[in-house]
Amino acid sequence: MRKPSLAAALKAEVRRHTVREVKKTKARLRDLQKAVTALRREVRKDRTVIGRLKARIVRFRATAAKGVRRSGEGPGRRTSPHTIRALRERMGLSRLQFSKLLGVSPGSIFGWETGRTTPRRGSLARFRALKKGGLKAARAQAGAAPGRRRKATARRARR
């Protein structure tokens, strides 16, 4: 077997080290690209949140300029997550039962109780009526309203 020349040996050694360094650099670059992508996503989310906050500020200023006070605002009129959960537990209802009384989904009740979301105006009015009237009045009112069960039963009967 023939011995390689010094130049060929050096060339092969340089090529080997270069390939190794290029691989390391590419790996670092990929990591940096992933980090940049994650940061871009965060920035996009932050811009969305900021936009929503700006819109709320504009609405708040417009309302304050008119001097209009919406129902449910002001001292002592706020409905906290603790209040919602306490009423549900005091009445001994599950989220599903409570949601049927208020005409919303059980997920909405969960959101209200954890503080992630707040009840809309109509739901808040039904909640306050339930709080004021009690469980018997709410059940009587819910019983008087036509339910969805008849439709589901009719569908089952057709099958």
# chains A, B, ... in the order shown; residues from 1 in each chain; ligands from 1
>>> select_by_dssp(residues="segment 6-128 of chain A", states="alpha helix (DSSP H)", output="VMD selection string")
chain A and resid 6 to 66 81 to 91 95 to 102 106 to 114 121 to 128
>>> closest_residue(among="A:Ile109, A:Leu29, A:Leu135, A:Ile57", to="Arg90 of chain A", atoms="only C-alpha atoms")
A:Leu135
